[in-house]
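*Asks:* Contents of final.cif (mmCIF, C-alpha atoms):
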data_target
#
loop_
_atom_site.label_atom_id
_atom_site.label_comp_id
_atom_site.auth_asym_id
_atom_site.auth_seq_id
_atom_site.Cartn_x
_atom_site.Cartn_y
_atom_site.Cartn_z
CA MET T 1 -8.79 -33.72 -30.70
CA ALA T 2 -12.17 -35.21 -31.43
CA THR T 3 -15.68 -34.34 -30.38
CA ILE T 4 -17.32 -36.92 -28.13
CA SER T 5 -20.83 -36.98 -26.73
CA MET T 6 -22.46 -38.58 -23.76
CA VAL T 7 -25.69 -38.29 -21.85
CA VAL T 8 -24.67 -36.81 -18.50
CA ASN T 9 -27.30 -36.74 -15.77
CA GLY T 10 -29.97 -37.09 -18.44
CA ARG T 11 -28.67 -34.28 -20.65
CA GLN T 12 -26.95 -34.80 -23.99
CA MET T 13 -23.54 -33.12 -23.74
CA SER T 14 -20.49 -33.02 -25.98
CA GLY T 15 -16.98 -31.68 -25.86
CA GLU T 16 -13.47 -31.99 -27.22
CA ALA T 17 -11.17 -34.76 -26.05
CA GLU T 18 -7.77 -36.17 -26.91
CA GLY T 19 -7.13 -39.91 -26.86
CA ARG T 20 -5.39 -39.50 -23.52
CA THR T 21 -8.11 -37.33 -21.93
CA LEU T 22 -9.41 -39.02 -18.80
CA LEU T 23 -13.14 -39.17 -18.18
CA SER T 24 -12.57 -37.20 -14.95
CA SER T 25 -10.77 -34.43 -16.86
CA PHE T 26 -13.45 -34.41 -19.57
CA LEU T 27 -16.25 -34.02 -17.03
CA ARG T 28 -14.44 -31.29 -15.11
CA ASP T 29 -12.65 -29.35 -17.83
CA ALA T 30 -14.68 -29.86 -21.00
CA LEU T 31 -18.13 -30.05 -19.43
CA GLY T 32 -17.51 -27.89 -16.37
CA LEU T 33 -18.88 -30.50 -13.98
CA THR T 34 -16.40 -30.01 -11.16
CA GLY T 35 -18.41 -31.95 -8.59
CA THR T 36 -16.43 -35.04 -9.57
CA HIS T 37 -13.24 -34.72 -7.55
CA VAL T 38 -9.78 -35.95 -8.44
CA GLY T 39 -8.04 -36.98 -5.23
CA CYS T 40 -5.14 -39.27 -6.00
CA ASP T 41 -5.37 -39.56 -9.79
CA THR T 42 -4.06 -43.11 -9.45
CA GLY T 43 -7.31 -45.06 -9.24
CA GLN T 44 -7.06 -45.66 -5.52
CA CYS T 45 -8.99 -43.03 -3.57
CA GLY T 46 -12.39 -43.18 -5.28
CA ALA T 47 -13.18 -39.44 -5.04
CA CYS T 48 -13.80 -39.51 -8.81
CA VAL T 49 -16.38 -42.33 -8.85
CA VAL T 50 -19.18 -41.77 -11.36
CA HIS T 51 -21.59 -44.21 -13.00
CA VAL T 52 -21.11 -45.20 -16.63
CA ASN T 53 -24.06 -47.07 -18.08
CA GLY T 54 -25.18 -47.76 -14.53
CA ASP T 55 -21.88 -49.11 -13.20
CA ALA T 56 -19.68 -47.30 -10.67
CA VAL T 57 -16.26 -46.59 -12.17
CA LYS T 58 -13.26 -44.50 -11.23
CA SER T 59 -13.38 -41.74 -13.81
CA CYS T 60 -9.66 -40.98 -13.44
CA ASN T 61 -8.99 -44.54 -14.56
CA MET T 62 -11.05 -44.51 -17.73
CA LEU T 63 -10.45 -42.65 -20.97
CA ALA T 64 -13.14 -40.19 -21.98
CA MET T 65 -13.26 -41.79 -25.45
CA GLU T 66 -14.33 -45.05 -23.78
CA ALA T 67 -17.44 -43.27 -22.53
CA ASP T 68 -18.32 -41.82 -25.94
CA GLY T 69 -22.05 -42.48 -26.39
CA ALA T 70 -22.51 -43.71 -22.81
CA GLU T 71 -24.94 -42.63 -20.10
CA VAL T 72 -23.00 -41.03 -17.28
CA ALA T 73 -24.27 -40.09 -13.83
CA THR T 74 -22.29 -37.70 -11.63
CA ILE T 75 -22.84 -36.09 -8.24
CA GLU T 76 -24.44 -33.07 -9.92
CA GLY T 77 -27.39 -35.21 -10.98
CA GLN T 78 -28.10 -36.70 -7.57
CA ALA T 79 -30.21 -33.92 -6.09
CA ALA T 80 -33.57 -32.95 -7.60
CA PRO T 81 -33.56 -30.02 -10.05
CA ASP T 82 -34.83 -27.73 -7.28
CA GLY T 83 -31.86 -28.65 -5.10
CA THR T 84 -33.64 -31.10 -2.81
CA LEU T 85 -31.03 -33.63 -1.71
CA ASN T 86 -31.62 -37.31 -2.47
CA ALA T 87 -31.89 -39.82 0.37
CA ILE T 88 -28.17 -40.60 0.45
CA GLN T 89 -27.10 -36.95 0.37
CA ALA T 90 -29.64 -36.03 3.04
CA ALA T 91 -28.40 -38.84 5.25
CA PHE T 92 -24.77 -37.73 4.81
CA GLN T 93 -25.87 -34.29 6.01
CA GLU T 94 -28.01 -35.61 8.87
CA TYR T 95 -25.40 -38.07 10.18
CA HIS T 96 -22.37 -35.87 9.57
CA GLY T 97 -21.00 -38.22 6.92
CA LEU T 98 -18.50 -35.62 5.77
CA GLN T 99 -15.87 -33.43 7.32
CA CYS T 100 -13.79 -31.71 4.63
CA GLY T 101 -16.12 -33.10 1.98
CA PHE T 102 -13.51 -33.85 -0.64
CA CYS T 103 -14.23 -37.58 -0.85
CA THR T 104 -17.99 -37.08 -0.58
CA PRO T 105 -18.93 -37.09 -4.30
CA GLY T 106 -17.26 -40.46 -4.73
CA MET T 107 -18.69 -41.77 -1.45
CA VAL T 108 -22.22 -40.79 -2.48
CA MET T 109 -21.87 -42.29 -5.96
CA SER T 110 -20.43 -45.53 -4.55
CA ALA T 111 -23.20 -45.64 -1.95
CA ALA T 112 -25.79 -45.19 -4.70
CA ALA T 113 -24.29 -48.10 -6.63
CA LEU T 114 -24.25 -50.22 -3.47
CA LEU T 115 -27.90 -49.56 -2.61
CA LYS T 116 -28.91 -50.43 -6.16
CA GLU T 117 -27.16 -53.78 -5.78
CA ILE T 118 -28.03 -54.42 -2.12
CA PRO T 119 -30.98 -52.29 -0.96
CA LYS T 120 -30.41 -53.01 2.74
CA PRO T 121 -26.72 -53.74 3.20
CA SER T 122 -25.23 -54.85 6.49
CA GLU T 123 -22.56 -52.72 8.09
CA ALA T 124 -19.93 -55.20 6.93
CA GLU T 125 -21.25 -55.07 3.36
CA ILE T 126 -21.09 -51.27 3.39
CA ARG T 127 -17.52 -51.25 4.66
CA LYS T 128 -16.45 -53.85 2.10
CA TYR T 129 -18.17 -52.02 -0.75
CA LEU T 130 -16.48 -48.76 0.18
CA SER T 131 -13.03 -50.38 0.20
CA GLY T 132 -12.09 -48.33 -2.87
CA ASN T 133 -13.22 -45.01 -1.39
CA LEU T 134 -10.79 -43.32 0.96
CA CYS T 135 -11.73 -40.55 3.41
CA ARG T 136 -8.65 -38.64 4.45
CA CYS T 137 -10.53 -37.24 7.46
CA THR T 138 -11.17 -40.87 8.48
CA GLY T 139 -14.87 -40.15 8.89
CA TYR T 140 -15.81 -43.71 8.06
CA HIS T 141 -18.10 -44.45 11.02
CA ASN T 142 -20.44 -41.59 10.15
CA ILE T 143 -20.33 -42.43 6.44
CA VAL T 144 -21.41 -45.97 7.29
CA ARG T 145 -24.12 -44.61 9.60
CA ALA T 146 -25.37 -42.32 6.84
CA ILE T 147 -25.65 -45.20 4.37
CA MET T 148 -27.42 -47.34 6.98
CA ALA T 149 -29.89 -44.47 7.47
CA ALA T 150 -30.29 -43.86 3.74
CA SER T 151 -31.27 -47.50 3.32
CA GLY T 152 -33.89 -47.19 6.05
CA GLN T 153 -32.00 -49.10 8.69
CA ASP T 154 -31.15 -48.54 12.33
CA VAL T 155 -27.97 -46.50 12.51
CA ALA T 156 -27.22 -47.49 16.09
CA VAL T 157 -25.77 -50.78 14.87
CA ALA T 158 -23.16 -49.04 12.76
CA ALA T 159 -21.90 -46.94 15.63
CA GLU T 160 -20.47 -49.91 17.50
CA MET M 1 0.49 -39.33 -20.04
CA TYR M 2 2.19 -38.94 -23.41
CA ALA M 3 -0.17 -38.41 -26.33
CA PHE M 4 -1.27 -41.38 -28.43
CA ASP M 5 -3.70 -42.15 -31.21
CA PHE M 6 -6.87 -43.90 -30.13
CA GLU M 7 -8.93 -46.45 -32.03
CA ARG M 8 -12.02 -48.32 -30.93
CA PRO M 9 -12.69 -51.13 -33.43
CA SER M 10 -15.82 -53.28 -33.22
CA THR M 11 -14.36 -56.62 -34.35
CA VAL M 12 -11.34 -58.71 -33.35
CA ALA M 13 -10.14 -58.68 -36.95
CA ASP M 14 -10.12 -54.87 -37.04
CA ALA M 15 -8.36 -54.75 -33.66
CA VAL M 16 -5.64 -57.11 -34.88
CA ALA M 17 -5.18 -54.93 -37.97
CA ALA M 18 -4.98 -51.78 -35.84
CA LEU M 19 -2.41 -53.41 -33.55
CA SER M 20 -0.06 -54.05 -36.47
CA ALA M 21 1.02 -50.39 -36.27
CA GLU M 22 4.42 -49.88 -34.67
CA ASP M 23 4.26 -49.52 -30.86
CA ALA M 24 0.49 -50.00 -30.81
CA GLN M 25 -0.93 -51.32 -27.53
CA ALA M 26 -4.22 -53.05 -26.76
CA LEU M 27 -6.39 -51.47 -24.05
CA SER M 28 -8.91 -53.62 -22.20
CA GLY M 29 -10.32 -52.37 -18.89
CA GLY M 30 -7.31 -50.14 -18.34
CA GLN M 31 -7.14 -50.57 -14.56
CA THR M 32 -3.42 -51.31 -14.79
CA LEU M 33 -2.58 -49.80 -18.16
CA ILE M 34 -3.98 -46.32 -17.52
CA PRO M 35 -2.01 -45.84 -14.25
CA THR M 36 1.04 -47.16 -16.12
CA LEU M 37 0.53 -44.58 -18.87
CA LYS M 38 0.09 -41.82 -16.31
CA GLN M 39 3.46 -42.69 -14.81
CA ARG M 40 4.94 -42.62 -18.31
CA LEU M 41 6.15 -46.18 -17.86
CA ALA M 42 4.66 -46.94 -21.29
CA SER M 43 4.38 -44.70 -24.32
CA PRO M 44 2.44 -46.47 -27.06
CA SER M 45 1.98 -44.71 -30.39
CA LYS M 46 -1.59 -45.92 -30.48
CA LEU M 47 -4.07 -47.44 -28.05
CA VAL M 48 -6.49 -49.94 -29.52
CA SER M 49 -9.52 -50.22 -27.26
CA LEU M 50 -11.05 -53.69 -27.08
CA GLY M 51 -14.06 -52.30 -25.20
CA GLY M 52 -16.31 -51.99 -28.22
CA ILE M 53 -15.94 -55.59 -29.42
CA ALA M 54 -19.11 -57.55 -28.72
CA GLU M 55 -17.54 -60.94 -29.52
CA LEU M 56 -15.18 -60.55 -26.53
CA GLN M 57 -18.06 -60.33 -24.07
CA GLY M 58 -20.02 -62.96 -22.21
CA ILE M 59 -19.86 -66.27 -20.37
CA THR M 60 -21.09 -69.62 -21.72
CA SER M 61 -21.29 -72.80 -19.71
CA ASP M 62 -21.61 -76.05 -21.65
CA GLY M 63 -21.27 -79.45 -20.01
CA ASP M 64 -17.81 -79.67 -18.53
CA ALA M 65 -16.37 -76.26 -19.46
CA VAL M 66 -17.00 -72.57 -18.93
CA THR M 67 -15.84 -70.14 -21.62
CA ILE M 68 -15.41 -66.51 -20.67
CA GLY M 69 -14.95 -63.78 -23.26
CA ALA M 70 -11.70 -61.91 -22.69
CA GLY M 71 -13.47 -58.57 -22.33
CA THR M 72 -15.73 -59.82 -19.55
CA THR M 73 -15.37 -57.73 -16.40
CA HIS M 74 -14.47 -59.08 -12.99
CA ALA M 75 -17.94 -57.98 -11.82
CA ALA M 76 -19.61 -60.12 -14.50
CA VAL M 77 -17.50 -63.17 -13.61
CA ALA M 78 -18.25 -62.58 -9.92
CA ALA M 79 -21.98 -62.56 -10.64
CA ASP M 80 -21.89 -65.69 -12.81
CA GLY M 81 -21.23 -68.57 -10.43
CA SER M 82 -20.68 -71.35 -13.01
CA ILE M 83 -17.42 -72.11 -11.20
CA PRO M 84 -18.02 -70.79 -7.68
CA ALA M 85 -14.33 -70.58 -6.73
CA LEU M 86 -13.61 -68.53 -9.85
CA SER M 87 -16.51 -66.17 -9.21
CA ALA M 88 -15.43 -65.73 -5.59
CA LEU M 89 -11.92 -64.87 -6.77
CA ALA M 90 -13.22 -62.32 -9.28
CA GLY M 91 -15.48 -60.75 -6.65
CA ASN M 92 -12.53 -60.03 -4.41
CA ILE M 93 -10.23 -58.31 -6.91
CA GLY M 94 -9.58 -54.64 -6.17
CA ASP M 95 -12.80 -52.79 -5.30
CA PRO M 96 -16.27 -52.57 -6.91
CA ALA M 97 -15.35 -49.74 -9.31
CA VAL M 98 -12.22 -51.56 -10.44
CA ARG M 99 -14.23 -54.76 -10.95
CA ASN M 100 -16.66 -52.89 -13.21
CA ARG M 101 -13.82 -52.03 -15.62
CA GLY M 102 -11.08 -54.63 -15.24
CA THR M 103 -11.30 -57.68 -17.49
CA ILE M 104 -10.13 -61.27 -17.33
CA GLY M 105 -8.27 -61.02 -20.64
CA GLY M 106 -6.47 -57.87 -19.57
CA SER M 107 -5.41 -59.41 -16.27
CA LEU M 108 -4.06 -62.58 -17.91
CA ALA M 109 -2.25 -60.67 -20.68
CA ASN M 110 -0.63 -58.41 -18.08
CA ASN M 111 0.41 -61.36 -15.86
CA ASP M 112 1.15 -59.26 -12.79
CA PRO M 113 3.02 -61.52 -10.34
CA ALA M 114 0.53 -60.60 -7.59
CA ALA M 115 -2.69 -60.72 -9.64
CA CYS M 116 -5.40 -63.24 -8.75
CA TYR M 117 -6.55 -64.46 -12.17
CA PRO M 118 -3.29 -66.12 -13.30
CA SER M 119 -3.59 -68.55 -10.37
CA ALA M 120 -7.13 -69.48 -11.41
CA ALA M 121 -6.12 -70.07 -15.01
CA LEU M 122 -3.12 -72.16 -13.99
CA GLY M 123 -4.90 -73.91 -11.10
CA LEU M 124 -7.92 -74.90 -13.17
CA GLY M 125 -5.80 -75.84 -16.19
CA ALA M 126 -7.52 -73.29 -18.43
CA THR M 127 -6.93 -72.81 -22.13
CA ILE M 128 -6.20 -69.28 -23.32
CA VAL M 129 -7.86 -68.69 -26.69
CA THR M 130 -6.40 -65.96 -28.90
CA ASN M 131 -7.16 -64.58 -32.34
CA ALA M 132 -4.48 -66.97 -33.68
CA ARG M 133 -4.39 -70.13 -31.54
CA GLU M 134 -5.10 -71.86 -28.25
CA ILE M 135 -2.49 -71.89 -25.48
CA VAL M 136 -2.72 -74.08 -22.38
CA ALA M 137 -2.13 -72.21 -19.12
CA ASP M 138 0.97 -74.30 -18.37
CA ASP M 139 2.62 -72.76 -21.46
CA PHE M 140 1.04 -69.30 -21.22
CA PHE M 141 2.66 -67.78 -18.13
CA GLN M 142 6.37 -67.17 -18.65
CA GLY M 143 7.52 -65.02 -15.74
CA LEU M 144 6.92 -61.50 -14.46
CA PHE M 145 4.60 -59.61 -16.79
CA THR M 146 5.57 -62.08 -19.52
CA THR M 147 3.30 -64.43 -21.44
CA ALA M 148 3.35 -66.59 -24.56
CA LEU M 149 1.39 -63.92 -26.45
CA ASP M 150 3.09 -62.66 -29.59
CA GLU M 151 3.23 -59.00 -30.55
CA GLY M 152 -0.25 -57.88 -31.55
CA GLU M 153 -1.90 -61.16 -30.47
CA ILE M 154 -5.18 -60.71 -28.58
CA ILE M 155 -6.74 -63.02 -26.02
CA THR M 156 -10.33 -63.59 -27.17
CA ALA M 157 -11.56 -66.03 -24.51
CA VAL M 158 -10.53 -68.27 -21.64
CA ARG M 159 -11.89 -71.80 -21.37
CA PHE M 160 -12.01 -73.33 -17.89
CA PRO M 161 -12.70 -77.02 -17.23
CA LYS M 162 -15.26 -77.32 -14.40
CA PRO M 163 -13.51 -78.74 -11.33
CA GLN M 164 -14.95 -81.31 -8.90
CA ALA M 165 -13.78 -79.07 -6.08
CA ALA M 166 -11.87 -75.80 -6.02
CA ASN M 167 -11.05 -72.87 -3.78
CA TYR M 168 -8.93 -69.72 -3.81
CA GLN M 169 -7.43 -68.21 -0.70
CA LYS M 170 -5.82 -64.80 -0.83
CA PHE M 171 -3.72 -63.20 1.88
CA GLU M 172 -4.24 -59.59 0.92
CA GLN M 173 -1.63 -56.89 0.91
CA PRO M 174 -3.89 -54.59 2.95
CA ALA M 175 -3.26 -51.37 1.00
CA SER M 176 -3.43 -52.63 -2.57
CA ARG M 177 -5.53 -55.76 -1.99
CA PHE M 178 -3.28 -57.58 -4.44
CA ALA M 179 -2.23 -61.02 -3.25
CA LEU M 180 0.69 -61.04 -0.85
CA VAL M 181 0.18 -64.76 -1.44
CA GLY M 182 -2.79 -66.32 -3.19
CA VAL M 183 -3.33 -70.04 -3.74
CA PHE M 184 -5.81 -71.64 -6.11
CA VAL M 185 -6.45 -75.34 -5.48
CA ALA M 186 -8.51 -77.42 -7.91
CA LYS M 187 -9.40 -81.09 -7.96
CA GLY M 188 -10.44 -82.32 -11.38
CA ALA M 189 -10.52 -85.37 -13.61
CA ASP M 190 -6.75 -85.16 -14.13
CA GLY M 191 -5.84 -84.84 -10.48
CA VAL M 192 -5.09 -81.95 -8.15
CA ARG M 193 -3.50 -78.68 -9.23
CA VAL M 194 -2.12 -76.03 -6.87
CA ALA M 195 -1.26 -72.64 -8.37
CA VAL M 196 0.43 -69.90 -6.35
CA THR M 197 0.44 -66.17 -7.10
CA GLY M 198 2.05 -63.25 -5.30
CA ALA M 199 4.93 -65.30 -3.91
CA SER M 200 7.49 -66.08 -6.58
CA GLU M 201 9.94 -63.80 -8.36
CA ASP M 202 9.00 -65.75 -11.50
CA GLY M 203 5.27 -65.05 -11.19
CA VAL M 204 2.52 -67.64 -10.87
CA PHE M 205 3.72 -71.23 -10.44
CA ARG M 206 2.46 -74.73 -9.65
CA TRP M 207 3.51 -76.21 -6.32
CA SER M 208 4.14 -79.75 -7.50
CA GLU M 209 5.02 -81.29 -4.10
CA ALA M 210 1.64 -80.21 -2.73
CA GLU M 211 -0.12 -81.53 -5.83
CA ALA M 212 1.51 -84.94 -5.34
CA ALA M 213 0.60 -85.06 -1.66
CA LEU M 214 -2.99 -84.00 -2.30
CA GLY M 215 -3.35 -86.42 -5.22
CA SER M 216 -3.42 -89.38 -2.86
CA ASN M 217 -5.06 -87.61 0.09
CA PHE M 218 -7.11 -84.48 -0.63
CA SER M 219 -7.05 -83.01 2.85
CA ALA M 220 -5.31 -80.13 4.56
CA GLY M 221 -3.59 -82.67 6.81
CA ALA M 222 -1.75 -84.12 3.81
CA LEU M 223 0.25 -80.88 3.72
CA ASP M 224 1.18 -80.78 7.42
CA GLY M 225 4.47 -78.96 7.88
CA MET M 226 4.94 -78.46 4.12
CA ALA M 227 6.02 -75.22 2.48
CA PRO M 228 7.92 -74.57 -0.73
CA PRO M 229 11.55 -73.45 -0.48
CA ALA M 230 12.06 -69.73 0.26
CA ASP M 231 14.59 -69.56 -2.56
CA GLY M 232 13.23 -67.37 -5.36
CA MET M 233 10.33 -66.01 -3.33
CA ILE M 234 9.64 -62.25 -3.41
CA SER M 235 11.14 -60.36 -0.49
CA ASP M 236 9.95 -56.80 0.16
CA LEU M 237 8.76 -54.53 2.96
CA HIS M 238 5.47 -56.45 3.17
CA GLY M 239 7.08 -59.81 3.81
CA SER M 240 10.37 -61.68 3.54
CA ALA M 241 10.91 -64.64 1.22
CA ALA M 242 10.69 -67.02 4.19
CA TYR M 243 7.44 -65.39 5.34
CA ARG M 244 5.91 -65.79 1.88
CA ALA M 245 7.06 -69.42 1.58
CA ASN M 246 5.43 -70.21 4.91
CA LEU M 247 2.26 -68.39 3.82
CA VAL M 248 2.05 -70.55 0.70
CA GLY M 249 1.76 -73.61 2.94
CA VAL M 250 -0.80 -71.94 5.19
CA MET M 251 -2.98 -70.62 2.35
CA THR M 252 -2.84 -73.93 0.49
CA ARG M 253 -4.07 -75.79 3.57
CA ARG M 254 -6.86 -73.24 3.98
CA ALA M 255 -7.86 -73.60 0.34
CA VAL M 256 -7.95 -77.39 0.53
CA ALA M 257 -10.01 -77.26 3.72
CA ALA M 258 -12.46 -74.78 2.16
CA ALA M 259 -12.71 -76.74 -1.10
CA GLY M 260 -13.83 -79.78 0.88
#
Would you kindly transcribe this structure into structure tokens?
*Replies:*
Amino acid sequence: MATISMVVNGRQMSGEAEGRTLLSSFLRDALGLTGTHVGCDTGQCGACVVHVNGDAVKSCNMLAMEADGAEVATIEGQAAPDGTLNAIQAAFQEYHGLQCGFCTPGMVMSAAALLKEIPKPSEAEIRKYLSGNLCRCTGYHNIVRAIMAASGQDVAVAAE
Amino acid sequence: MYAFDFERPSTVADAVAALSAEDAQALSGGQTLIPTLKQRLASPSKLVSLGGIAELQGITSDGDAVTIGAGTTHAAVAADGSIPALSALAGNIGDPAVRNRGTIGGSLANNDPAACYPSAALGLGATIVTNAREIVADDFFQGLFTTALDEGEIITAVRFPKPQAANYQKFEQPASRFALVGVFVAKGADGVRVAVTGASEDGVFRWSEAEAALGSNFSAGALDGMAPPADGMISDLHGSAAYRANLVGVMTRRAVAAAG
């Protein structure tokens, strides 16, 4: 075991990790940040997407030691400190972009990465960007609508 | 995952030294290795992360060649554009989160028979630079998950000659987005090269009959009715050997047409 540190959602945090500890396990078990979900644990479903130094990554497919010293953003840091949802979260709520909600943390973090890269993505760009995020409830249409809305675009287009 | 020691050196020399330990394994982006470790299909005594080595990062373009550090992510190659066909290939590997971690050196060292990058290295006639030597792509790939790399040898960079025209066409396996068949076609100073991934039981290979036909007439029509033999092609639930052989012809014609 070794102590590793990272800035998570703007706060310096540290905890114990083994070489084999995954970043997802470190966030959930060592730091208690259980908003990051582990769906498949094989790097396919994207429920565990977080940002490391600004880039979206699958935290179940990265060792915690590799994020030692990094800046990490998770779903817990998306809303304002008083609980006010950010634009993407609010749009997911407004457009019913979640059913069971299990994939939602990863969907929101991937959407945040997308809108940083492409502020006003087309429907096709959204669908392509979310190719590594699976929704078992198959709520994709509303997720796409929510991201269209969050980026200030007409959601009617995405419904077709 | 079985337990292992973990080291994160900051130079290639220190990484090579760390890899001299028995059963040590290099870790690049980990997008294949970490799932492999989870399934206990590998049990290294020590993982040597290459992620903290600055000299493995970056892309330089000088005159007629582009050199890409082995630790450069697919996302960085996709954003570069020095060789548009190569950047397009990198931008269509896996998904965005995978592309932010996976590296060109890791992909080439792994030599998955359905990975995209081996076809680009072989199709463009790249040179694989390691801590010890330079290996031309024609000698580097030696069958499924097998390369010319020695034990403990690390890819440090890949040098690509800039082609006059090039294109990569991938027929995706829809669940994994690996190549069911992928074909990289490049026309350069030394002629035309056609490299095929995803199809053969021996991994990436050059389709020499297509190269000969395209050498005298670089057009999709030059390959009318051509396909490699189905013998030795991968046959699985996604496609039979004959289906893959036919796809090689189709994807090669598409790549030539798109390369112009």
*Asks:* Identify every residue of chain M that has at least one atom within 7 Å of any atom of chain T, counting all atoms listed in the file, and report the result as a ChimeraX atom specification.
*Replies:* /M:1,3-6,30-31,34-35,95-98,100-101
*Asks:* Please provide the set of residues having any atom within 12 Å of Asp224 of chain M, restricted to only C-alpha atoms, with same-chain residues fewer than 5 positions apart removed, written as a list in words.
*Replies:*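 Here the qualifying residues turn out to be Ala210, Ala213, Leu214, Asn217, Ser219, Asn246, Gly249, Val250, Thr252, Arg253, Arg254 and Val256 of chain M.
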*Asks:* Any idea what's packed within 9 Å of segment 146-156 of chain T, counting all atoms listed in the file, ignoring anything in its chain fewer than 4 positions away? Could you give it as number ranges by chain?
*Replies:* T: 87-97, 108, 111, 115, 119-123, 126, 141-142, 160
*Asks:* May I have the residues within 9 Å of segment 125-129 of chain M as an NGL selection string, using only C-alpha atoms and disregarding those fewer than 3 positions away in the same chain?
*Replies:* :M and (70 or 105 or 108 or 120-122 or 132-138 or 140 or 154-161 or 186 or 193)
*Asks:* Please evaluate the PyMOL selection byres ((chain T and resi 71) around 7) against the displayed coordinates and give the resulting residues as a ChimeraX atom specification.
*Replies:* /T:6-8,52-53,69-70,72-73
*Asks:* Between T:Leu134, T:Ala64, T:Ala124, T:Ala2, single out the one closest to Asp29 of chain T, counting all atoms listed in the file.
*Replies:*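 Among T:Leu134, T:Ala64, T:Ala124, T:Ala2, it is T:Ala64 that comes nearest to Asp29 of chain T.
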*Asks:* Just how far from atom CA of Phe145 of chain M is atom CA of Asn92 of chain M, in Å to one decimal?
*Replies:* 21.1 Å
